[in-house]
$ cat run_26.txt   # compact mmCIF, C-alpha atoms
# COMPACT_ATOMS: atom_id res chain seq x y z
CA MET A 1 18.02 13.43 6.47
CA GLN A 2 20.96 11.40 7.75
CA ASP A 3 20.40 12.64 11.31
CA MET A 4 16.70 11.85 11.00
CA MET A 5 17.52 8.24 10.15
CA ALA A 6 19.85 7.98 13.12
CA LEU A 7 17.42 9.60 15.56
CA VAL A 8 14.03 8.32 14.42
CA GLU A 9 14.69 4.78 13.26
CA PRO A 10 15.52 3.46 16.78
CA LEU A 11 12.25 4.93 18.06
CA ILE A 12 9.97 2.94 15.76
CA PRO A 13 9.54 -0.12 18.05
CA SER A 14 8.55 2.19 20.93
CA LEU A 15 6.19 4.16 18.70
CA ARG A 16 4.47 0.95 17.65
CA ARG A 17 4.13 -0.18 21.25
CA TYR A 18 2.74 3.15 22.43
CA ALA A 19 0.26 3.37 19.56
CA ARG A 20 -0.91 -0.19 20.00
CA SER A 21 -1.23 0.06 23.78
CA LEU A 22 -3.26 3.22 23.40
CA LEU A 23 -5.51 2.08 20.53
CA ARG A 24 -5.65 -1.65 21.31
CA ASP A 25 -5.77 -2.34 17.59
CA GLN A 26 -2.67 -3.68 15.91
CA ALA A 27 -3.36 -2.80 12.28
CA GLY A 28 -4.81 0.59 13.17
CA ALA A 29 -1.80 1.32 15.37
CA ASP A 30 0.69 0.54 12.62
CA ASP A 31 -1.26 2.76 10.22
CA LEU A 32 -1.04 5.49 12.83
CA VAL A 33 2.72 5.05 13.19
CA GLN A 34 3.03 5.22 9.41
CA ASP A 35 1.09 8.51 9.38
CA CYS A 36 3.35 9.73 12.14
CA LEU A 37 6.57 8.79 10.30
CA GLU A 38 5.34 10.45 7.11
CA ARG A 39 4.75 13.64 9.06
CA VAL A 40 8.16 13.33 10.71
CA ILE A 41 9.79 13.04 7.28
CA SER A 42 7.95 16.00 5.80
CA ARG A 43 8.34 18.27 8.85
CA TRP A 44 11.83 17.29 9.93
CA HIS A 45 13.27 20.60 8.76
CA GLN A 46 10.67 22.50 10.86
CA ARG A 47 11.80 20.77 14.03
CA ARG A 48 13.64 22.93 16.56
CA ALA A 49 17.23 21.83 16.21
CA ASP A 50 17.84 22.06 19.96
CA GLY A 51 14.68 20.13 20.80
CA ASP A 52 14.60 16.47 21.72
CA ALA A 53 13.73 14.32 18.70
CA ARG A 54 12.04 11.61 20.75
CA THR A 55 9.70 14.07 22.49
CA TRP A 56 8.89 15.71 19.16
CA VAL A 57 8.11 12.40 17.43
CA PHE A 58 6.04 11.13 20.36
CA THR A 59 4.08 14.40 20.36
CA ILE A 60 3.14 13.90 16.71
CA LEU A 61 2.13 10.31 17.37
CA HIS A 62 0.18 11.19 20.48
CA ASN A 63 -1.84 13.89 18.69
CA LEU A 64 -2.64 11.51 15.84
CA ALA A 65 -3.69 8.88 18.39
CA LEU A 66 -5.94 11.37 20.18
CA ASN A 67 -7.72 12.19 16.94
CA ARG A 68 -8.17 8.50 16.24
CA LEU A 69 -9.55 7.89 19.73
CA LYS A 70 -11.99 10.77 19.31
CA GLN A 71 -13.19 9.32 16.03
CA LYS A 72 -13.68 5.96 17.72
CA THR A 73 -15.71 7.56 20.50
CA ARG A 74 -17.82 9.41 18.00
CA ARG A 75 -18.51 6.18 16.15
CA GLY A 76 -19.82 4.64 19.35
CA PRO A 77 -18.48 3.14 22.53
CA HIS A 78 -15.57 0.77 22.36
CA ILE A 79 -16.66 -2.81 22.72
CA PRO A 80 -14.29 -4.45 25.19
CA VAL A 81 -12.20 -7.21 23.65
CA GLU A 82 -12.60 -10.51 25.45
CA ASP A 83 -8.90 -11.21 25.50
CA VAL A 84 -6.97 -7.98 25.42
CA SER A 85 -3.74 -9.84 24.70
CA GLU A 86 -5.21 -10.92 21.38
CA ALA A 87 -5.89 -7.34 20.39
CA LEU A 88 -2.39 -6.28 21.36
CA PHE A 89 -0.23 -9.15 20.23
CA ALA A 90 0.11 -10.95 16.95
CA THR A 91 1.21 -13.98 18.94
CA ALA A 92 0.22 -14.63 22.53
CA PRO A 93 2.84 -13.83 25.16
CA ALA A 94 4.56 -16.71 26.90
CA GLN A 95 2.06 -18.85 28.75
CA GLU A 96 3.42 -18.50 32.31
CA ASP A 97 3.06 -14.72 32.22
CA HIS A 98 -0.15 -14.82 30.27
CA LEU A 99 -2.70 -14.66 33.07
CA HIS A 100 -0.99 -11.95 35.04
CA HIS A 101 -0.31 -9.89 31.95
CA ARG A 102 -3.84 -10.31 30.80
CA ALA A 103 -5.18 -8.90 34.06
CA VAL A 104 -2.90 -5.85 33.89
CA LEU A 105 -3.61 -5.24 30.22
CA ALA A 106 -7.34 -5.65 30.71
CA ALA A 107 -7.22 -3.13 33.54
CA LEU A 108 -5.17 -0.77 31.37
CA THR A 109 -7.91 -0.71 28.74
CA LYS A 110 -10.39 0.43 31.37
CA LEU A 111 -8.41 3.54 32.28
CA PRO A 112 -9.53 6.85 30.80
CA ASP A 113 -7.41 7.75 27.75
CA ASP A 114 -5.55 10.61 29.47
CA GLN A 115 -4.56 8.42 32.41
CA ARG A 116 -3.58 5.54 30.16
CA SER A 117 -1.36 7.69 27.97
CA VAL A 118 0.57 9.23 30.87
CA LEU A 119 1.08 5.84 32.47
CA LEU A 120 2.37 4.36 29.22
CA LEU A 121 4.70 7.26 28.45
CA VAL A 122 6.24 7.29 31.92
CA SER A 123 6.14 3.66 33.02
CA VAL A 124 6.67 1.85 29.73
CA GLU A 125 8.34 4.27 27.32
CA ASP A 126 10.57 5.79 30.03
CA LEU A 127 9.87 9.41 29.21
CA SER A 128 10.77 11.83 31.97
CA TYR A 129 7.88 13.73 33.59
CA ALA A 130 8.95 16.87 31.72
CA GLU A 131 9.04 15.00 28.40
CA ALA A 132 5.63 13.48 29.06
CA ALA A 133 4.29 16.96 29.84
CA ALA A 134 5.63 18.20 26.48
CA VAL A 135 4.11 15.27 24.58
CA LEU A 136 0.74 15.62 26.26
CA GLY A 137 0.79 19.41 26.07
CA VAL A 138 -0.04 19.83 29.76
CA PRO A 139 1.81 21.35 32.75
CA LEU A 140 4.14 19.15 34.78
CA GLY A 141 1.71 19.25 37.74
CA THR A 142 -1.02 17.76 35.57
CA VAL A 143 1.29 14.92 34.53
CA MET A 144 2.00 14.16 38.19
CA SER A 145 -1.64 14.20 39.26
CA ARG A 146 -2.79 12.14 36.28
CA LEU A 147 -0.04 9.63 36.89
CA SER A 148 -1.05 9.30 40.51
CA ARG A 149 -4.71 8.89 39.61
CA ALA A 150 -3.82 6.37 36.92
CA ARG A 151 -1.86 4.21 39.36
CA HIS A 152 -4.58 4.25 41.99
CA ARG A 153 -7.27 3.55 39.44
CA LEU A 154 -5.33 0.69 37.85
CA ALA A 155 -4.90 -0.95 41.26
CA GLU A 156 -8.61 -0.55 42.01
CA ILE A 157 -9.61 -2.12 38.72
CA ILE A 158 -7.30 -5.09 39.25
CA GLU A 159 -8.57 -5.55 42.81
CA GLU A 160 -12.17 -5.40 41.63
CA GLY A 161 -11.28 -8.21 39.29
CA PRO A 162 -12.95 -9.07 36.03
CA GLY A 163 -16.69 -9.03 35.57
CA ARG A 164 -17.38 -5.59 36.92
CA SER A 165 -17.33 -2.79 34.45
CA ALA A 166 -15.23 0.13 35.53
CA THR A 167 -15.61 2.12 32.33
CA THR A 168 -19.32 2.65 32.71
CA GLY A 169 -19.22 2.75 36.49
CA ALA A 170 -22.31 0.62 36.47
CA THR A 171 -22.47 -1.83 39.32
CA LEU A 172 -25.16 -4.33 39.96
CA ARG A 173 -26.94 -3.60 43.15
CA ARG A 174 -28.73 -6.41 44.78
CA VAL A 175 -32.43 -5.66 45.14
CA LYS A 176 -34.46 -7.53 47.68
CA MET B 1 14.32 16.59 58.34
CA SER B 2 13.94 18.27 54.98
CA ARG B 3 10.79 18.77 52.90
CA PRO B 4 7.87 16.51 53.67
CA ILE B 5 7.40 13.53 51.33
CA SER B 6 4.75 14.26 48.72
CA GLU B 7 2.79 12.01 46.39
CA ASP B 8 5.02 13.27 43.57
CA ASP B 9 8.05 11.99 45.46
CA LEU B 10 6.43 8.60 45.91
CA ASN B 11 5.61 8.32 42.20
CA ALA B 12 9.10 9.42 41.26
CA TYR B 13 10.41 6.78 43.63
CA ILE B 14 8.44 4.12 41.72
CA ASP B 15 9.79 5.50 38.43
CA ASN B 16 13.41 5.61 39.65
CA ALA B 17 13.38 9.32 38.96
CA LEU B 18 14.66 10.63 42.30
CA PRO B 19 18.12 11.95 43.06
CA SER B 20 19.79 9.54 45.46
CA ALA B 21 19.59 11.85 48.51
CA ARG B 22 15.86 12.25 48.11
CA ARG B 23 15.52 8.56 47.41
CA LEU B 24 16.99 7.73 50.83
CA GLU B 25 14.55 10.10 52.49
CA VAL B 26 11.61 8.44 50.71
CA GLU B 27 12.84 5.00 51.75
CA ALA B 28 13.05 6.15 55.36
CA TYR B 29 9.53 7.55 55.11
CA LEU B 30 8.18 4.28 53.70
CA GLU B 31 9.74 2.31 56.54
CA ARG B 32 7.83 4.48 59.00
CA ASN B 33 4.58 4.21 57.00
CA PRO B 34 3.94 0.56 56.07
CA ASP B 35 0.45 1.28 54.69
CA VAL B 36 1.81 3.74 52.15
CA ALA B 37 4.72 1.41 51.47
CA ALA B 38 2.34 -1.46 50.71
CA ARG B 39 0.28 0.70 48.38
CA TYR B 40 3.31 1.92 46.42
CA ALA B 41 4.81 -1.56 46.33
CA VAL B 42 1.68 -2.57 44.40
CA PHE B 43 2.26 0.33 42.01
CA GLY B 44 5.84 -0.86 41.51
CA VAL B 45 4.60 -4.37 40.68
CA GLN B 46 2.03 -2.93 38.25
CA ARG B 47 4.74 -0.91 36.57
CA GLU B 48 6.91 -3.98 36.08
CA ALA B 49 3.94 -6.02 34.89
CA LEU B 50 3.06 -3.39 32.26
CA ARG B 51 6.64 -3.22 31.08
CA SER B 52 7.00 -6.96 30.69
CA ALA B 53 3.51 -7.39 29.21
CA LEU B 54 4.07 -4.72 26.55
CA GLY B 55 7.78 -5.36 26.02
CA PRO B 56 7.24 -8.00 23.34
CA ILE B 57 5.55 -5.43 21.06
CA ALA B 58 8.77 -3.45 20.83
CA ALA B 59 10.69 -6.67 20.19
CA GLU B 60 8.60 -7.53 17.12
CA PRO B 61 10.28 -7.03 13.76
CA VAL B 62 9.25 -3.69 12.25
CA PRO B 63 6.88 -4.32 9.31
CA PRO B 64 8.03 -3.13 5.86
CA GLN B 65 5.37 -0.39 5.72
CA LEU B 66 7.20 1.28 8.64
CA ASN B 67 10.68 1.02 7.18
CA LEU B 68 11.97 4.58 7.35
CA THR B 69 14.25 4.22 4.34
CA HIS B 70 11.31 3.04 2.22
CA LEU B 71 9.09 5.84 3.49
CA VAL B 72 11.70 8.49 2.64
CA ALA B 73 12.21 6.96 -0.80
CA SER B 74 8.51 6.78 -1.60
CA ARG B 75 8.07 10.37 -0.47
CA ARG B 76 10.84 11.46 -2.84
CA ARG B 77 9.16 9.55 -5.63
CA ARG B 78 5.83 11.24 -4.82
CA ASP B 79 7.37 14.71 -4.73
CA TRP B 80 9.24 14.12 -7.95
CA GLY B 81 6.15 12.43 -9.43
CA GLY B 82 4.12 15.53 -8.65
CA TRP B 83 6.55 17.80 -10.46
CA ARG B 84 6.87 15.37 -13.28
CA ALA B 85 3.10 15.07 -13.66
CA ALA B 86 2.79 18.88 -13.74
CA ALA B 87 5.56 19.15 -16.31
CA ALA B 88 4.02 16.35 -18.35
CA ALA B 89 0.62 18.06 -18.24
CA CYS B 90 2.16 21.29 -19.57
CA LEU B 91 3.98 19.38 -22.26
CA LEU B 92 0.80 17.53 -23.25
CA LEU B 93 -1.05 20.82 -23.56
CA LEU B 94 1.68 22.12 -25.85
CA VAL B 95 1.91 18.94 -27.89
CA GLY B 96 -1.85 18.62 -28.05
CA GLY B 97 -2.24 22.17 -29.24
CA ALA B 98 0.53 21.86 -31.77
CA SER B 99 -0.54 18.52 -33.18
CA GLY B 100 -4.14 19.62 -33.23
CA TRP B 101 -3.01 22.47 -35.45
CA MET B 102 -0.90 20.23 -37.65
CA LEU B 103 -3.60 17.61 -38.01
CA ARG B 104 -6.33 20.13 -38.74
CA GLY B 105 -8.56 18.72 -41.44
CA VAL B 106 -7.58 15.13 -40.81
CA GLY B 107 -10.45 14.81 -38.38
CA THR B 108 -9.83 11.36 -36.93
CA GLU B 109 -8.85 10.12 -33.56
CA HIS B 110 -7.46 6.76 -34.71
CA GLY B 111 -4.30 6.34 -36.66
CA VAL B 112 -5.21 5.51 -40.22
CA GLY B 113 -1.98 4.76 -42.08
CA ILE B 114 0.34 1.81 -42.31
CA ASN B 115 1.38 2.09 -38.65
CA ALA B 116 -2.23 1.85 -37.53
CA LEU B 117 -2.67 -1.18 -39.75
CA ALA B 118 0.38 -2.81 -38.19
CA GLN B 119 -1.05 -2.23 -34.75
CA GLU B 120 -4.45 -3.59 -35.69
CA ALA B 121 -2.81 -6.74 -37.05
CA SER B 122 -0.81 -7.17 -33.84
CA TYR B 123 -3.92 -6.87 -31.69
CA ALA B 124 -5.84 -9.32 -33.85
CA TYR B 125 -2.97 -11.80 -33.69
CA ALA B 126 -2.66 -11.38 -29.92
CA VAL B 127 -6.32 -12.31 -29.55
CA PHE B 128 -6.90 -15.00 -32.19
CA GLY B 129 -3.36 -16.32 -32.66
CA SER B 130 -3.42 -17.71 -29.14
CA ASP B 131 -7.05 -18.91 -29.27
CA ARG B 132 -6.99 -22.70 -28.94
CA GLY B 133 -10.76 -23.10 -29.06
CA ARG B 134 -11.91 -21.19 -32.12
CA PRO B 135 -9.06 -19.38 -33.83
CA VAL B 136 -11.05 -19.05 -37.07
CA GLU B 137 -14.71 -18.41 -37.70
CA ILE B 138 -14.77 -20.14 -41.09
CA ALA B 139 -12.35 -23.04 -41.67
CA ALA B 140 -10.14 -23.56 -44.72
CA ALA B 141 -12.49 -26.25 -46.02
CA ASP B 142 -15.06 -23.49 -46.54
CA SER B 143 -12.66 -21.00 -48.15
CA ALA B 144 -15.16 -19.85 -50.73
CA ALA B 145 -17.63 -18.73 -48.04
CA LEU B 146 -14.86 -17.00 -46.12
CA VAL B 147 -13.67 -15.09 -49.19
CA ARG B 148 -17.25 -14.00 -49.98
CA TRP B 149 -17.74 -12.78 -46.41
CA VAL B 150 -14.54 -10.75 -46.35
CA GLU B 151 -15.05 -9.36 -49.87
CA ASN B 152 -18.60 -8.27 -48.94
CA ARG B 153 -17.43 -6.44 -45.82
CA LEU B 154 -14.36 -4.83 -47.41
CA SER B 155 -16.01 -4.17 -50.78
CA ARG B 156 -12.79 -5.36 -52.35
CA GLN B 157 -11.60 -8.40 -54.12
CA ILE B 158 -9.27 -10.50 -51.98
CA ALA B 159 -7.09 -13.55 -52.37
CA VAL B 160 -5.95 -16.29 -50.02
CA PRO B 161 -2.22 -16.92 -50.52
CA ASP B 162 -0.97 -20.48 -50.48
CA LEU B 163 1.97 -20.57 -48.06
CA ALA B 164 2.37 -24.36 -47.90
CA ALA B 165 5.76 -24.14 -49.58
CA ALA B 166 6.94 -22.06 -46.61
CA GLY B 167 5.52 -24.65 -44.20
CA TYR B 168 2.25 -22.89 -43.34
CA GLN B 169 -1.15 -24.48 -43.93
CA PHE B 170 -4.21 -22.29 -44.30
CA MET B 171 -6.54 -22.72 -41.31
CA GLY B 172 -9.34 -20.30 -42.23
CA GLY B 173 -10.26 -16.82 -41.15
CA ARG B 174 -12.81 -14.23 -40.11
CA VAL B 175 -13.80 -10.60 -40.30
CA VAL B 176 -12.41 -8.57 -37.39
CA ALA B 177 -13.15 -5.05 -36.20
CA THR B 178 -10.48 -2.33 -36.33
CA GLY B 179 -10.48 1.37 -35.61
CA ASN B 180 -10.69 1.79 -39.37
CA GLY B 181 -13.60 -0.50 -40.07
CA PRO B 182 -13.78 -4.21 -40.87
CA ALA B 183 -10.68 -6.17 -41.83
CA GLY B 184 -10.11 -9.70 -43.06
CA LEU B 185 -7.94 -11.99 -40.96
CA LEU B 186 -6.43 -15.14 -42.51
CA MET B 187 -4.81 -17.68 -40.19
CA TYR B 188 -2.11 -20.26 -40.98
CA ASP B 189 -0.23 -22.78 -38.89
CA ASP B 190 2.89 -24.86 -39.25
CA ALA B 191 3.45 -28.53 -38.37
CA LYS B 192 4.25 -27.66 -34.76
CA GLY B 193 1.16 -25.52 -34.29
CA GLY B 194 2.99 -22.19 -34.66
CA ARG B 195 0.58 -19.65 -36.13
CA ILE B 196 0.88 -16.67 -38.38
CA ALA B 197 -1.91 -14.41 -39.60
CA ILE B 198 -2.50 -11.88 -42.36
CA LEU B 199 -4.72 -8.89 -41.71
CA MET B 200 -5.98 -6.87 -44.66
CA ARG B 201 -8.15 -3.80 -45.05
CA PRO B 202 -8.65 -0.89 -47.44
CA MET B 203 -6.34 2.08 -46.87
CA VAL B 204 -7.40 5.74 -46.87
CA GLN B 205 -3.89 6.91 -46.19
CA ASP B 206 -0.68 5.14 -47.27
CA GLN B 207 -2.41 3.49 -50.23
CA ASN B 208 0.92 2.22 -51.41
CA ALA B 209 3.64 1.47 -48.91
CA SER B 210 6.78 -0.60 -49.09
CA MET B 211 7.19 -3.42 -46.64
CA ALA B 212 8.18 -2.41 -43.13
CA GLU B 213 8.94 -4.47 -40.08
CA HIS B 214 6.93 -3.83 -36.91
CA ARG B 215 6.70 -5.15 -33.40
CA GLU B 216 4.14 -4.79 -30.63
CA GLY B 217 5.11 -6.65 -27.48
CA ASP B 218 5.64 -10.30 -28.44
CA VAL B 219 3.98 -9.90 -31.83
CA PHE B 220 6.24 -9.35 -34.83
CA GLY B 221 5.11 -8.49 -38.31
CA TYR B 222 5.66 -7.00 -41.78
CA ALA B 223 3.20 -4.51 -43.18
CA TRP B 224 2.81 -3.09 -46.67
CA ALA B 225 0.14 -1.63 -48.96
CA ASP B 226 -0.59 -2.06 -52.66
CA ASN B 227 -3.23 -0.22 -54.66
CA GLY B 228 -5.26 0.97 -51.69
CA MET B 229 -5.21 -2.35 -49.80
CA GLY B 230 -3.06 -2.70 -46.69
CA TYR B 231 -1.65 -5.97 -45.40
CA SER B 232 0.27 -7.09 -42.40
CA LEU B 233 1.64 -10.55 -41.84
CA VAL B 234 2.15 -11.19 -38.13
CA GLY B 235 3.51 -13.96 -35.93
CA GLY B 236 4.86 -14.68 -32.50
CA SER B 237 8.43 -14.25 -31.33
CA ASP B 238 9.25 -17.95 -31.94
CA ASN B 239 8.89 -17.63 -35.71
CA ALA B 240 9.85 -13.96 -36.03
CA SER B 241 12.97 -14.66 -38.10
CA LEU B 242 10.94 -16.64 -40.69
CA LEU B 243 8.29 -13.96 -41.21
CA HIS B 244 10.07 -11.76 -43.72
CA PRO B 245 10.39 -14.32 -46.57
CA VAL B 246 6.84 -15.54 -45.90
CA ALA B 247 5.56 -11.96 -46.12
CA ASP B 248 7.44 -11.50 -49.40
CA GLU B 249 5.82 -14.65 -50.78
CA ALA B 250 2.36 -13.56 -49.63
CA ARG B 251 2.79 -10.14 -51.23
CA ARG B 252 3.92 -11.76 -54.49
CA GLN B 253 0.75 -13.89 -54.58
CA PHE B 254 -1.55 -10.98 -53.65
CA ARG B 255 -0.06 -8.90 -56.46
CA ALA B 256 -0.49 -11.76 -58.92
CA ARG B 257 -4.08 -12.55 -57.96
CA THR B 258 -5.85 -9.30 -57.19
$ encode --input "run_26.txt" --output "structure tokens"
Amino acid sequence: MQDMMALVEPLIPSLRRYARSLLRDQAGADDLVQDCLERVISRWHQRRADGDARTWVFTILHNLALNRLKQKTRRGPHIPVEDVSEALFATAPAQEDHLHHRAVLAALTKLPDDQRSVLLLVSVEDLSYAEAAAVLGVPLGTVMSRLSRARHRLAEIIEEGPGRSATTGATLRRVK
Amino acid sequence: MSRPISEDDLNAYIDNALPSARRLEVEAYLERNPDVAARYAVFGVQREALRSALGPIAAEPVPPQLNLTHLVASRRRRDWGGWRAAAAACLLLLVGGASGWMLRGVGTEHGVGINALAQEASYAYAVFGSDRGRPVEIAAADSAALVRWVENRLSRQIAVPDLAAAGYQFMGGRVVATGNGPAGLLMYDDAKGGRIAILMRPMVQDQNASMAEHREGDVFGYAWADNGMGYSLVGGSDNASLLHPVADEARRQFRART
């Protein structure tokens, strides 16, 4: 239990960030992290002693998040939040960064879940490609291709700018 | 020239995940291919923007519900609680079975004896002793009507002790419900508004019992029984030390007048 404290406690801020970035729902994300930590506590002895604790904990969280996202989809399409920053942050980020951040975060929400999760794990949580593959339960090659697609897609969405829906793919075509 | 530069290399370059030799090769490639370089420069900017936009979440204080020490402690409590509940359930089965056997023939779910009386008095005091609006149903001025009411419901003769010498004026009283049928409740107060009450009802069990002290939360009292009638004199914690002599005086008057 002592080693669990030392290994898991420092991860909690990252777990909260990953969960919230994936779910875009602060209270729901913290509930998810709590579920995750309870599982970590009860299954700690089942963990492979030579395995990496961070990868193991992120795997548990990611699987819980996937279930939650599936439930959300089943309950109906996600209604885009007007200001994504509000859904992610209890307090708004500093004003000077606000607009730029908002554009990136808004674009992030429009990525498919599998692309968003790989981008977050690698770019934000600093997992190696191999660790991300373990967390996502996919081969390394899949991580690389998803990451590449995620980066291209994110750039496209930002270039398209707000107002055009990328999630539905619906574009307004001018009819004469 | 070594291996050709792949998309994987370019992504790893953005993520600072390349060994330095390979990194130099990628940089050389990007210099020769400005279009690709421009594209991946955008990816690098996006990466930094995501990191700084989401960074503040990890800087927030961790809410108490996610405190690992608390979570471990509450899990221990739950585990232990589960065992304890199971053990308690077994024990209850045993105790229930045993006491069911011992109490065979008694056939009642309420306590009936002097302890039950003490509890009934405490509950009545807790409710009416603190009632500022209507502590009594029939006031002292109408004592005769009150006595008739109580005597009718209890089918016993009762008396109203005069406790003025001890500093308590009779306020009045009422009939109250107990698990053992109706009881009479007499209320008194002192000059400062401190109240005491006497509950009385017929006894099936413990028809004669010597005076015993009892306490239920903040309510203190002395209960006894004489000739099939049980009494308990109860008061709050502020006048607890005075109750015993007052109860003795009340018992003396009940014995003299009933």
$ closest_atom_pairs --input "run_26.txt" --of "chain A" --to "chain B" --cutoff "6 Å" --atoms "all atoms listed in the file" --output "JSON lines"
{"residue": "A:Pro13", "atom": "CA", "partner": "B:Ala58", "partner_atom": "CA", "distance": 4.4}
{"residue": "A:Ser14", "atom": "CA", "partner": "B:Ala58", "partner_atom": "CA", "distance": 5.6}
{"residue": "A:Arg17", "atom": "CA", "partner": "B:Ile57", "partner_atom": "CA", "distance": 5.4}
{"residue": "A:Gln34", "atom": "CA", "partner": "B:Leu66", "partner_atom": "CA", "distance": 5.8}
{"residue": "A:His101", "atom": "CA", "partner": "B:Ala53", "partner_atom": "CA", "distance": 5.3}
{"residue": "A:Ser123", "atom": "CA", "partner": "B:Arg47", "partner_atom": "CA", "distance": 6.0}
{"residue": "A:Val124", "atom": "CA", "partner": "B:Arg51", "partner_atom": "CA", "distance": 5.2}
$ residues_around --input "run_26.txt" --residues "B:Gly173" --least-positions-apart "3" --cutoff "8 Å" --atoms "all atoms listed in the file" --output "list of chain:residue names"
B:Pro135, B:Val136, B:Glu137, B:Ile138, B:Ala139, B:Ala140, B:Leu146, B:Gly184, B:Leu185, B:Leu186, B:Met187
$ write_last_selection --input "run_26.txt" --atoms "C-alpha atoms" --output "PDB file, in the frame of the given file"
ATOM      1  CA  PRO B 135      -9.060 -19.380 -33.830  1.00  0.00           C
ATOM      2  CA  VAL B 136     -11.050 -19.050 -37.070  1.00  0.00           C
ATOM      3  CA  GLU B 137     -14.710 -18.410 -37.700  1.00  0.00           C
ATOM      4  CA  ILE B 138     -14.770 -20.140 -41.090  1.00  0.00           C
ATOM      5  CA  ALA B 139     -12.350 -23.040 -41.670  1.00  0.00           C
ATOM      6  CA  ALA B 140     -10.140 -23.560 -44.720  1.00  0.00           C
ATOM      7  CA  LEU B 146     -14.860 -17.000 -46.120  1.00  0.00           C
ATOM      8  CA  GLY B 184     -10.110  -9.700 -43.060  1.00  0.00           C
ATOM      9  CA  LEU B 185      -7.940 -11.990 -40.960  1.00  0.00           C
ATOM     10  CA  LEU B 186      -6.430 -15.140 -42.510  1.00  0.00           C
ATOM     11  CA  MET B 187      -4.810 -17.680 -40.190  1.00  0.00           C
TER      12      MET B 187
END
$ residues_around --input "run_26.txt" --residues "stretch 112-128 of chain B" --least-positions-apart "4" --cutoff "8 Å" --atoms "only C-alpha atoms" --output "NGL selection string"
:B and (134-136 or 176 or 178-180 or 185 or 196-199 or 203-206 or 209 or 214-216 or 219-225 or 230-235)
$ write_last_selection --input "run_26.txt" --atoms "C-alpha atoms" --output "mmCIF file, keeping the file's coordinate frame"
data_model
loop_
_atom_site.group_PDB
_atom_site.id
_atom_site.type_symbol
_atom_site.label_atom_id
_atom_site.label_comp_id
_atom_site.auth_asym_id
_atom_site.auth_seq_id
_atom_site.Cartn_x
_atom_site.Cartn_y
_atom_site.Cartn_z
ATOM 1 C CA ARG B 134 -11.910 -21.190 -32.120
ATOM 2 C CA PRO B 135 -9.060 -19.380 -33.830
ATOM 3 C CA VAL B 136 -11.050 -19.050 -37.070
ATOM 4 C CA VAL B 176 -12.410 -8.570 -37.390
ATOM 5 C CA THR B 178 -10.480 -2.330 -36.330
ATOM 6 C CA GLY B 179 -10.480 1.370 -35.610
ATOM 7 C CA ASN B 180 -10.690 1.790 -39.370
ATOM 8 C CA LEU B 185 -7.940 -11.990 -40.960
ATOM 9 C CA ILE B 196 0.880 -16.670 -38.380
ATOM 10 C CA ALA B 197 -1.910 -14.410 -39.600
ATOM 11 C CA ILE B 198 -2.500 -11.880 -42.360
ATOM 12 C CA LEU B 199 -4.720 -8.890 -41.710
ATOM 13 C CA MET B 203 -6.340 2.080 -46.870
ATOM 14 C CA VAL B 204 -7.400 5.740 -46.870
ATOM 15 C CA GLN B 205 -3.890 6.910 -46.190
ATOM 16 C CA ASP B 206 -0.680 5.140 -47.270
ATOM 17 C CA ALA B 209 3.640 1.470 -48.910
ATOM 18 C CA HIS B 214 6.930 -3.830 -36.910
ATOM 19 C CA ARG B 215 6.700 -5.150 -33.400
ATOM 20 C CA GLU B 216 4.140 -4.790 -30.630
ATOM 21 C CA VAL B 219 3.980 -9.900 -31.830
ATOM 22 C CA PHE B 220 6.240 -9.350 -34.830
ATOM 23 C CA GLY B 221 5.110 -8.490 -38.310
ATOM 24 C CA TYR B 222 5.660 -7.000 -41.780
ATOM 25 C CA ALA B 223 3.200 -4.510 -43.180
ATOM 26 C CA TRP B 224 2.810 -3.090 -46.670
ATOM 27 C CA ALA B 225 0.140 -1.630 -48.960
ATOM 28 C CA GLY B 230 -3.060 -2.700 -46.690
ATOM 29 C CA TYR B 231 -1.650 -5.970 -45.400
ATOM 30 C CA SER B 232 0.270 -7.090 -42.400
ATOM 31 C CA LEU B 233 1.640 -10.550 -41.840
ATOM 32 C CA VAL B 234 2.150 -11.190 -38.130
ATOM 33 C CA GLY B 235 3.510 -13.960 -35.930
#
$ residues_around --input "run_26.txt" --residues "A:Arg146" --least-positions-apart "5" --cutoff "10 Å" --atoms "all atoms listed in the file" --output "PyMOL selection string"
chain A and resi 114-119+140-141+151-152
$ residues_around --input "run_26.txt" --residues "A:Ile60" --least-positions-apart "4" --cutoff "8 Å" --atoms "all atoms listed in the file" --output "ChimeraX atom specification"
/A:36,39-40,56,64
$ atom_distance --input "run_26.txt" --atom1 "atom CA of A:Val135" --atom2 "atom CA of A:Leu23"
16.8 Å
$ atom_distance --input "run_26.txt" --atom1 "atom CA of A:Ala150" --atom2 "atom CA of A:Leu111"
7.1 Å
$ atom_distance --input "run_26.txt" --atom1 "atom CA of A:Ser148" --atom2 "atom CA of A:Arg16"
25.0 Å
$ closest_residue --input "run_26.txt" --among "B:Arg84, B:Arg195, B:Arg78, B:Arg201" --to "B:Gly181" --atoms "only C-alpha atoms"
B:Arg201
